[in-house]
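Single-structure report; data block below.
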Amino acid sequence: MFLQSCFCRIRHTCRSFPIRSLSSSSSFDKVGIIGLGLMGHGICQVAATSGVHSSIVAYESEQRFLDSGKERIEKSIAKLVKKEKMSDEDAEIALNRIIYTTDVSALSEVEFVVEAVIENLDLKQKLYQNIGQICKPEAIFASNTSSLSISEMAAFSGRPEKFVGVHFFNPVQLMKLVEVIRTEQTDPDVFEKAYGWVSDIGKVPVSCGDTPGFIVNRLLVPALAQAMLMVDRNDATVHDIDVSLQLGAGHPMGPLHLADYIGLDTCLFILEGWVEKYPNEPAFAIPVCLKELVGAGNLGRKTGKGFYHWDGDKRGTPVET
């Protein structure tokens, strides 16, 4: 979820969101979504509008977070109706499929659970240990993590053979790709069900093993770091690095522009976690310029200054070094 929304803002095309009638093609009738934040509310919405589930149990531990997620879903669907990309009838059908709750025991009868809580392994450990006791034994668990080990979370759940990753991209409603991650212990039939579910809800699944960052982030984060290492070595300027990737490789924006857009603190968080866990992997390195910028509170777009000056979402000139 960290790295992709900027590409979507540039490249996504408008399309309608017709709701499908309840279909027998889905692997699961009842699904659960844990966490209704940035990613979770989008996953919940897509599941509801897909038409392949009789109900979606949307769980948050606190009422304020549940209310916030519910409001985001309702506003998002209302926009689709206003733009005539969804009918009033279809919107009502989709919204009525969602059961909002702060009672975790409501997940006891779901067949598939997608977890989308914050990237805190201790929090996830407690969560999976809890729902592992609550959900029925045949229920499959899936994490939407973008940076944590699927294998570690699978062990917490007590059902590692029934555990996968389903990494959606932001914004979920628009981005088609979902990385479906298997571990060495994932049952092949379980993986196929999860992979098929992604297709059922209208997304494009790709298969990946439990490697750090999966496919997209594993390729992209080290590429951003390499651009920063070029800045460290004074190999090229920020402007010339970004222009080279735009005009020479057809990228919609350069790597340093992208890093600023994502948030330099986020980039550092990912790299530090990888370097700590995989110290012998040469692709994982922490550039000096990245640490210095974050240490100075210059996080890119969100603070108005990083490799570039920013005015809201509008990028300005490179910062003089």
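Simple scheme: letters A, B, ... for chains in structure tokens order, numbers from 1 for residues in each chain, numbers from 1 for ligands in the order shown.
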Given only C-alpha atoms, how would the per-residue table for stretch 105-135 of chain A near stretch 272-277 of chain A read, listing every residue at most 12 Å away with its closest atom pair and distance in Å to one decimal, sorted by chain and number, as a tab-separated table?
residue	atom	partner	partner_atom	distance
A:Glu119	CA	A:Gly273	CA	11.5
A:Asn120	CA	A:Gly273	CA	11.8
A:Leu121	CA	A:Gly273	CA	11.8
Given the choices A:Ala283, A:Ala48, A:Val114, A:Ala155, which gets closest to A:Asp90 if the distance is worked out from only C-alpha atoms?
A:Ala48
Find the residues near A:Glu292: any atom within 12 Å, counting only C-alpha atoms, skip ones fewer than 2 places away on the same chain, and give them as an NGL selection string.
:A and (228 or 232 or 264-265 or 268 or 286-290 or 294-299 or 306-307 or 321)
Could you dump the residues just selected with N, CA, C and O atoms as an mmCIF file, in the first residue's frame?
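Saved as part_2.cif:
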data_model
loop_
_atom_site.group_PDB
_atom_site.id
_atom_site.type_symbol
_atom_site.label_atom_id
_atom_site.label_comp_id
_atom_site.auth_asym_id
_atom_site.auth_seq_id
_atom_site.Cartn_x
_atom_site.Cartn_y
_atom_site.Cartn_z
ATOM 1 N N MET A 228 18.754 7.275 -4.350
ATOM 2 C CA MET A 228 19.265 8.065 -3.227
ATOM 3 C C MET A 228 20.763 7.854 -3.033
ATOM 4 O O MET A 228 21.493 8.792 -2.684
ATOM 5 N N ASP A 232 23.914 10.395 -2.707
ATOM 6 C CA ASP A 232 24.999 10.311 -1.713
ATOM 7 C C ASP A 232 26.373 10.434 -2.364
ATOM 8 O O ASP A 232 27.276 11.090 -1.841
ATOM 9 N N LEU A 264 9.257 10.158 2.963
ATOM 10 C CA LEU A 264 10.610 9.642 3.181
ATOM 11 C C LEU A 264 10.695 8.841 4.474
ATOM 12 O O LEU A 264 11.504 7.914 4.586
ATOM 13 N N ASP A 265 9.868 9.176 5.457
ATOM 14 C CA ASP A 265 9.830 8.391 6.687
ATOM 15 C C ASP A 265 9.347 6.969 6.425
ATOM 16 O O ASP A 265 9.846 6.005 7.024
ATOM 17 N N LEU A 268 12.189 5.049 4.791
ATOM 18 C CA LEU A 268 13.205 4.697 5.794
ATOM 19 C C LEU A 268 12.712 3.564 6.682
ATOM 20 O O LEU A 268 13.482 2.638 7.006
ATOM 21 N N ILE A 286 20.578 1.599 3.445
ATOM 22 C CA ILE A 286 19.962 2.839 3.910
ATOM 23 C C ILE A 286 20.834 4.018 3.467
ATOM 24 O O ILE A 286 21.934 4.212 3.986
ATOM 25 N N PRO A 287 20.384 4.812 2.507
ATOM 26 C CA PRO A 287 21.167 5.959 2.039
ATOM 27 C C PRO A 287 21.333 7.019 3.130
ATOM 28 O O PRO A 287 20.421 7.264 3.922
ATOM 29 N N VAL A 288 22.497 7.646 3.143
ATOM 30 C CA VAL A 288 22.786 8.689 4.133
ATOM 31 C C VAL A 288 21.820 9.867 3.955
ATOM 32 O O VAL A 288 21.294 10.407 4.938
ATOM 33 N N CYS A 289 21.566 10.261 2.710
ATOM 34 C CA CYS A 289 20.692 11.415 2.478
ATOM 35 C C CYS A 289 19.285 11.168 3.000
ATOM 36 O O CYS A 289 18.622 12.092 3.499
ATOM 37 N N LEU A 290 18.823 9.925 2.929
ATOM 38 C CA LEU A 290 17.486 9.594 3.429
ATOM 39 C C LEU A 290 17.427 9.769 4.934
ATOM 40 O O LEU A 290 16.490 10.384 5.475
ATOM 41 N N VAL A 294 15.082 12.654 6.900
ATOM 42 C CA VAL A 294 14.086 12.251 7.895
ATOM 43 C C VAL A 294 14.456 12.785 9.272
ATOM 44 O O VAL A 294 13.595 13.276 10.016
ATOM 45 N N GLY A 295 15.749 12.728 9.602
ATOM 46 C CA GLY A 295 16.209 13.251 10.890
ATOM 47 C C GLY A 295 15.927 14.735 11.057
ATOM 48 O O GLY A 295 15.675 15.220 12.169
ATOM 49 N N ALA A 296 15.941 15.463 9.947
ATOM 50 C CA ALA A 296 15.669 16.907 9.974
ATOM 51 C C ALA A 296 14.181 17.216 9.884
ATOM 52 O O ALA A 296 13.785 18.395 9.903
ATOM 53 N N GLY A 297 13.360 16.183 9.779
ATOM 54 C CA GLY A 297 11.919 16.392 9.693
ATOM 55 C C GLY A 297 11.428 16.731 8.300
ATOM 56 O O GLY A 297 10.268 17.137 8.128
ATOM 57 N N ASN A 298 12.281 16.545 7.293
ATOM 58 C CA ASN A 298 11.905 16.817 5.906
ATOM 59 C C ASN A 298 11.475 15.509 5.254
ATOM 60 O O ASN A 298 12.299 14.747 4.743
ATOM 61 N N LEU A 299 10.175 15.265 5.268
ATOM 62 C CA LEU A 299 9.647 13.953 4.883
ATOM 63 C C LEU A 299 9.070 13.924 3.475
ATOM 64 O O LEU A 299 8.490 12.942 3.064
ATOM 65 N N GLY A 306 11.476 17.833 0.946
ATOM 66 C CA GLY A 306 12.220 16.580 0.970
ATOM 67 C C GLY A 306 13.337 16.705 -0.026
ATOM 68 O O GLY A 306 14.224 17.558 0.122
ATOM 69 N N PHE A 307 13.324 15.884 -1.069
ATOM 70 C CA PHE A 307 14.244 16.103 -2.191
ATOM 71 C C PHE A 307 13.775 17.302 -3.014
ATOM 72 O O PHE A 307 14.562 17.925 -3.722
ATOM 73 N N THR A 321 21.317 21.401 -2.457
ATOM 74 C CA THR A 321 22.129 20.631 -1.512
ATOM 75 C C THR A 321 23.480 21.287 -1.305
ATOM 76 O O THR A 321 23.900 22.115 -2.092
#
Could you name the residues that touch stretch 61-69 of chain A at 8 Å or less, counting only C-alpha atoms, but leaving out those on the same chain fewer than 3 positions away, as an NGL selection string?
:A and (36-37 or 41 or 72-73 or 100-104)
Dump N, CA, C and O atoms for the selected residues as a tab-separated table (two decimals), in the first residue's frame?
chain	number	residue	atom	x	y	z
A	36	LEU	N	-10.89	-0.96	9.29
A	36	LEU	CA	-11.58	-0.18	8.26
A	36	LEU	C	-10.85	1.13	8.00
A	36	LEU	O	-11.48	2.16	7.78
A	37	GLY	N	-9.54	1.09	8.04
A	37	GLY	CA	-8.75	2.28	7.76
A	37	GLY	C	-8.57	2.50	6.27
A	37	GLY	O	-9.43	2.13	5.46
A	41	HIS	N	-11.20	-0.22	4.56
A	41	HIS	CA	-12.52	0.23	4.11
A	41	HIS	C	-12.67	0.00	2.61
A	41	HIS	O	-13.75	-0.32	2.12
A	72	ARG	N	-16.57	6.43	5.38
A	72	ARG	CA	-15.75	6.46	4.17
A	72	ARG	C	-16.37	5.59	3.07
A	72	ARG	O	-16.40	5.97	1.90
A	73	ILE	N	-16.86	4.43	3.46
A	73	ILE	CA	-17.49	3.53	2.49
A	73	ILE	C	-18.75	4.18	1.92
A	73	ILE	O	-18.97	4.18	0.70
A	100	TYR	N	-21.56	-4.07	10.30
A	100	TYR	CA	-20.54	-3.35	11.06
A	100	TYR	C	-20.61	-3.77	12.53
A	100	TYR	O	-21.69	-3.84	13.12
A	101	THR	N	-19.43	-4.02	13.12
A	101	THR	CA	-19.44	-4.50	14.50
A	101	THR	C	-18.13	-4.21	15.23
A	101	THR	O	-17.06	-4.13	14.60
A	102	THR	N	-18.23	-4.07	16.55
A	102	THR	CA	-17.04	-4.02	17.41
A	102	THR	C	-16.93	-5.30	18.24
A	102	THR	O	-16.10	-5.40	19.14
A	103	ASP	N	-17.76	-6.26	17.92
A	103	ASP	CA	-17.79	-7.55	18.62
A	103	ASP	C	-17.02	-8.57	17.78
A	103	ASP	O	-17.50	-9.02	16.75
A	104	VAL	N	-15.83	-8.92	18.22
A	104	VAL	CA	-14.98	-9.81	17.43
A	104	VAL	C	-15.62	-11.19	17.24
A	104	VAL	O	-15.31	-11.89	16.26
Please run DSSP on the backbone and report, as a ChimeraX atom specification, all residues within stretch 9-173 of chain A that come out as strand (DSSP E or B).
/A:30-34,55-59,98-101,112-115,140-143,163-168
Let me see the file: selected residues, N, CA, C and O atoms, as a short mmCIF file (atom, residue, chain, number, x, y, z; two decimals), in the first residue's frame.
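again_13.cif was written with the following content:
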data_model
loop_
_atom_site.label_atom_id
_atom_site.label_comp_id
_atom_site.auth_asym_id
_atom_site.auth_seq_id
_atom_site.Cartn_x
_atom_site.Cartn_y
_atom_site.Cartn_z
N LYS A 30 -19.52 -15.93 3.19
CA LYS A 30 -19.39 -14.90 4.22
C LYS A 30 -17.90 -14.61 4.46
O LYS A 30 -17.12 -15.52 4.70
N VAL A 31 -17.56 -13.32 4.40
CA VAL A 31 -16.17 -12.92 4.63
C VAL A 31 -16.12 -11.89 5.74
O VAL A 31 -17.11 -11.22 6.05
N GLY A 32 -14.96 -11.76 6.35
CA GLY A 32 -14.75 -10.78 7.40
C GLY A 32 -13.60 -9.86 7.04
O GLY A 32 -12.60 -10.30 6.45
N ILE A 33 -13.74 -8.58 7.37
CA ILE A 33 -12.67 -7.60 7.17
C ILE A 33 -12.33 -7.02 8.54
O ILE A 33 -13.20 -6.48 9.23
N ILE A 34 -11.07 -7.12 8.93
CA ILE A 34 -10.63 -6.58 10.20
C ILE A 34 -9.83 -5.31 9.95
O ILE A 34 -8.77 -5.34 9.33
N SER A 55 -22.75 -11.75 2.83
CA SER A 55 -22.52 -10.75 3.88
C SER A 55 -21.02 -10.54 4.08
O SER A 55 -20.21 -11.43 3.82
N ILE A 56 -20.69 -9.34 4.53
CA ILE A 56 -19.32 -8.98 4.88
C ILE A 56 -19.35 -8.44 6.29
O ILE A 56 -20.01 -7.43 6.57
N VAL A 57 -18.66 -9.10 7.20
CA VAL A 57 -18.57 -8.64 8.58
C VAL A 57 -17.38 -7.69 8.68
O VAL A 57 -16.23 -8.09 8.47
N ALA A 58 -17.67 -6.42 8.98
CA ALA A 58 -16.63 -5.39 9.08
C ALA A 58 -16.37 -5.11 10.55
O ALA A 58 -17.22 -4.54 11.26
N TYR A 59 -15.18 -5.50 11.02
CA TYR A 59 -14.87 -5.41 12.46
C TYR A 59 -13.81 -4.36 12.75
O TYR A 59 -12.78 -4.29 12.06
N ILE A 98 -23.06 -5.27 4.25
CA ILE A 98 -22.01 -5.04 5.25
C ILE A 98 -22.61 -5.02 6.66
O ILE A 98 -23.55 -4.27 6.94
N ILE A 99 -22.05 -5.83 7.53
CA ILE A 99 -22.44 -5.88 8.94
C ILE A 99 -21.32 -5.24 9.75
O ILE A 99 -20.22 -5.81 9.86
N TYR A 100 -21.56 -4.07 10.30
CA TYR A 100 -20.54 -3.35 11.06
C TYR A 100 -20.61 -3.77 12.53
O TYR A 100 -21.69 -3.84 13.12
N THR A 101 -19.43 -4.02 13.12
CA THR A 101 -19.44 -4.50 14.50
C THR A 101 -18.13 -4.21 15.23
O THR A 101 -17.06 -4.13 14.60
N PHE A 112 -13.68 -16.59 5.36
CA PHE A 112 -12.45 -15.96 4.90
C PHE A 112 -12.30 -14.63 5.62
O PHE A 112 -13.23 -13.83 5.65
N VAL A 113 -11.14 -14.41 6.24
CA VAL A 113 -10.88 -13.19 6.99
C VAL A 113 -9.72 -12.44 6.36
O VAL A 113 -8.65 -13.01 6.14
N VAL A 114 -9.93 -11.15 6.06
CA VAL A 114 -8.85 -10.29 5.56
C VAL A 114 -8.52 -9.29 6.66
O VAL A 114 -9.37 -8.50 7.07
N GLU A 115 -7.28 -9.34 7.12
CA GLU A 115 -6.81 -8.41 8.16
C GLU A 115 -6.12 -7.23 7.52
O GLU A 115 -5.23 -7.40 6.68
N ILE A 140 -10.21 -19.44 6.52
CA ILE A 140 -8.90 -19.06 5.98
C ILE A 140 -8.60 -17.62 6.39
O ILE A 140 -9.47 -16.75 6.32
N PHE A 141 -7.35 -17.38 6.80
CA PHE A 141 -6.92 -16.05 7.20
C PHE A 141 -6.01 -15.46 6.13
O PHE A 141 -5.19 -16.17 5.53
N ALA A 142 -6.13 -14.14 5.92
CA ALA A 142 -5.29 -13.45 4.94
C ALA A 142 -4.91 -12.09 5.50
O ALA A 142 -5.76 -11.37 6.03
N SER A 143 -3.65 -11.73 5.37
CA SER A 143 -3.18 -10.41 5.81
C SER A 143 -2.92 -9.52 4.61
O SER A 143 -2.38 -9.97 3.60
N PHE A 163 -3.29 -19.97 5.88
CA PHE A 163 -2.90 -18.56 5.98
C PHE A 163 -2.21 -18.11 4.69
O PHE A 163 -1.31 -18.78 4.19
N VAL A 164 -2.62 -16.95 4.16
CA VAL A 164 -2.02 -16.37 2.96
C VAL A 164 -1.89 -14.86 3.16
O VAL A 164 -2.40 -14.29 4.12
N GLY A 165 -1.23 -14.22 2.22
CA GLY A 165 -1.23 -12.77 2.14
C GLY A 165 -2.07 -12.35 0.95
O GLY A 165 -2.08 -13.03 -0.08
N VAL A 166 -2.82 -11.26 1.09
CA VAL A 166 -3.52 -10.65 -0.05
C VAL A 166 -3.21 -9.15 0.00
O VAL A 166 -3.88 -8.40 0.70
N HIS A 167 -2.18 -8.74 -0.71
CA HIS A 167 -1.72 -7.36 -0.66
C HIS A 167 -2.40 -6.52 -1.73
O HIS A 167 -2.05 -6.59 -2.90
N PHE A 168 -3.36 -5.72 -1.29
CA PHE A 168 -4.06 -4.79 -2.17
C PHE A 168 -3.24 -3.51 -2.31
O PHE A 168 -2.33 -3.24 -1.51
#
Nearest to A:Leu271 among A:Leu220, A:Leu123, A:Leu174, A:Glu184, with distances taken over only C-alpha atoms: which residue is it?
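Of A:Leu220, A:Leu123, A:Leu174, A:Glu184, the one nearest A:Leu271 is A:Leu220, counting only C-alpha atoms.
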From the set A:Gly300, A:Gly254, A:Pro160, A:Pro282, which residue has the shortest atom-to-atom contact distance to A:Glu138, counting only C-alpha atoms?
A:Pro160
Please identify the alpha helix (DSSP H) residues within stretch 10-230 of chain A (assignment by DSSP from backbone atoms) and present them as a ChimeraX atom specification.
/A:10-11,40-50,63-82,88-96,121-134,150-157,188-200,216-230
Atom CA of A:Glu74 and atom CA of A:Glu89 are how many Å apart?
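Those two atoms sit 13.8 Å apart.
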Mind checking which residues fall within 10 Å of A:Val238, counting only C-alpha atoms, ignoring those fewer than 3 positions away in the same chain, and posting them as a list in words?
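The residues satisfying every condition are Ala227, Met228, Met230, Val231, Asn234, Asp235, Ile241, Asp242, Val243, Gly254, Pro255, Leu256, His257, Phe307, Tyr308, Thr317, Pro318, Val319, Glu320 and Thr321 of chain A.
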Polymer residues at most 6 Å from A:Thr186, only C-alpha atoms, same-chain spacing of 2 or more positions, as an mmCIF file with N, CA, C and O atoms, in the first residue's frame:
data_model
loop_
_atom_site.group_PDB
_atom_site.id
_atom_site.type_symbol
_atom_site.label_atom_id
_atom_site.label_comp_id
_atom_site.auth_asym_id
_atom_site.auth_seq_id
_atom_site.Cartn_x
_atom_site.Cartn_y
_atom_site.Cartn_z
ATOM 1 N N GLU A 161 -1.320 -23.521 7.758
ATOM 2 C CA GLU A 161 -1.677 -24.109 6.455
ATOM 3 C C GLU A 161 -2.865 -23.377 5.818
ATOM 4 O O GLU A 161 -3.099 -23.491 4.619
ATOM 5 N N LYS A 162 -3.589 -22.607 6.631
ATOM 6 C CA LYS A 162 -4.762 -21.871 6.148
ATOM 7 C C LYS A 162 -4.503 -20.363 6.181
ATOM 8 O O LYS A 162 -5.404 -19.573 6.460
ATOM 9 N N ARG A 182 1.970 -16.877 -0.705
ATOM 10 C CA ARG A 182 1.943 -18.193 -0.073
ATOM 11 C C ARG A 182 3.208 -18.373 0.775
ATOM 12 O O ARG A 182 4.255 -17.790 0.485
ATOM 13 N N THR A 183 3.099 -19.164 1.816
ATOM 14 C CA THR A 183 4.267 -19.543 2.603
ATOM 15 C C THR A 183 4.590 -21.003 2.307
ATOM 16 O O THR A 183 3.860 -21.681 1.569
ATOM 17 N N GLU A 184 5.643 -21.499 2.914
ATOM 18 C CA GLU A 184 6.006 -22.907 2.717
ATOM 19 C C GLU A 184 4.966 -23.842 3.322
ATOM 20 O O GLU A 184 4.885 -25.015 2.945
#
Compare A:Ser199, A:Ser147, A:Ser157, A:Ser105 by their minimum atom-to-atom distance to A:Ser27, counting only C-alpha atoms, and give me the closest one.
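The shortest atom-to-atom distance to A:Ser27 comes from A:Ser199.
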Using atom CA of A:Cys44 and atom CA of A:Gly132 as the two end points, give the distance in Å to one decimal.
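It comes out at 20.8 Å.
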Residue nearest A:Asp29 - candidates A:Asp200, A:Lys85, A:Asn170, A:Gly158, atoms counted: only C-alpha atoms
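Of all the options, A:Asp200 lies closest to A:Asp29.
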Could you check how far atom CA of A:Gly40 sits from atom CA of A:Ile118, in Å to one decimal?
10.1 Å
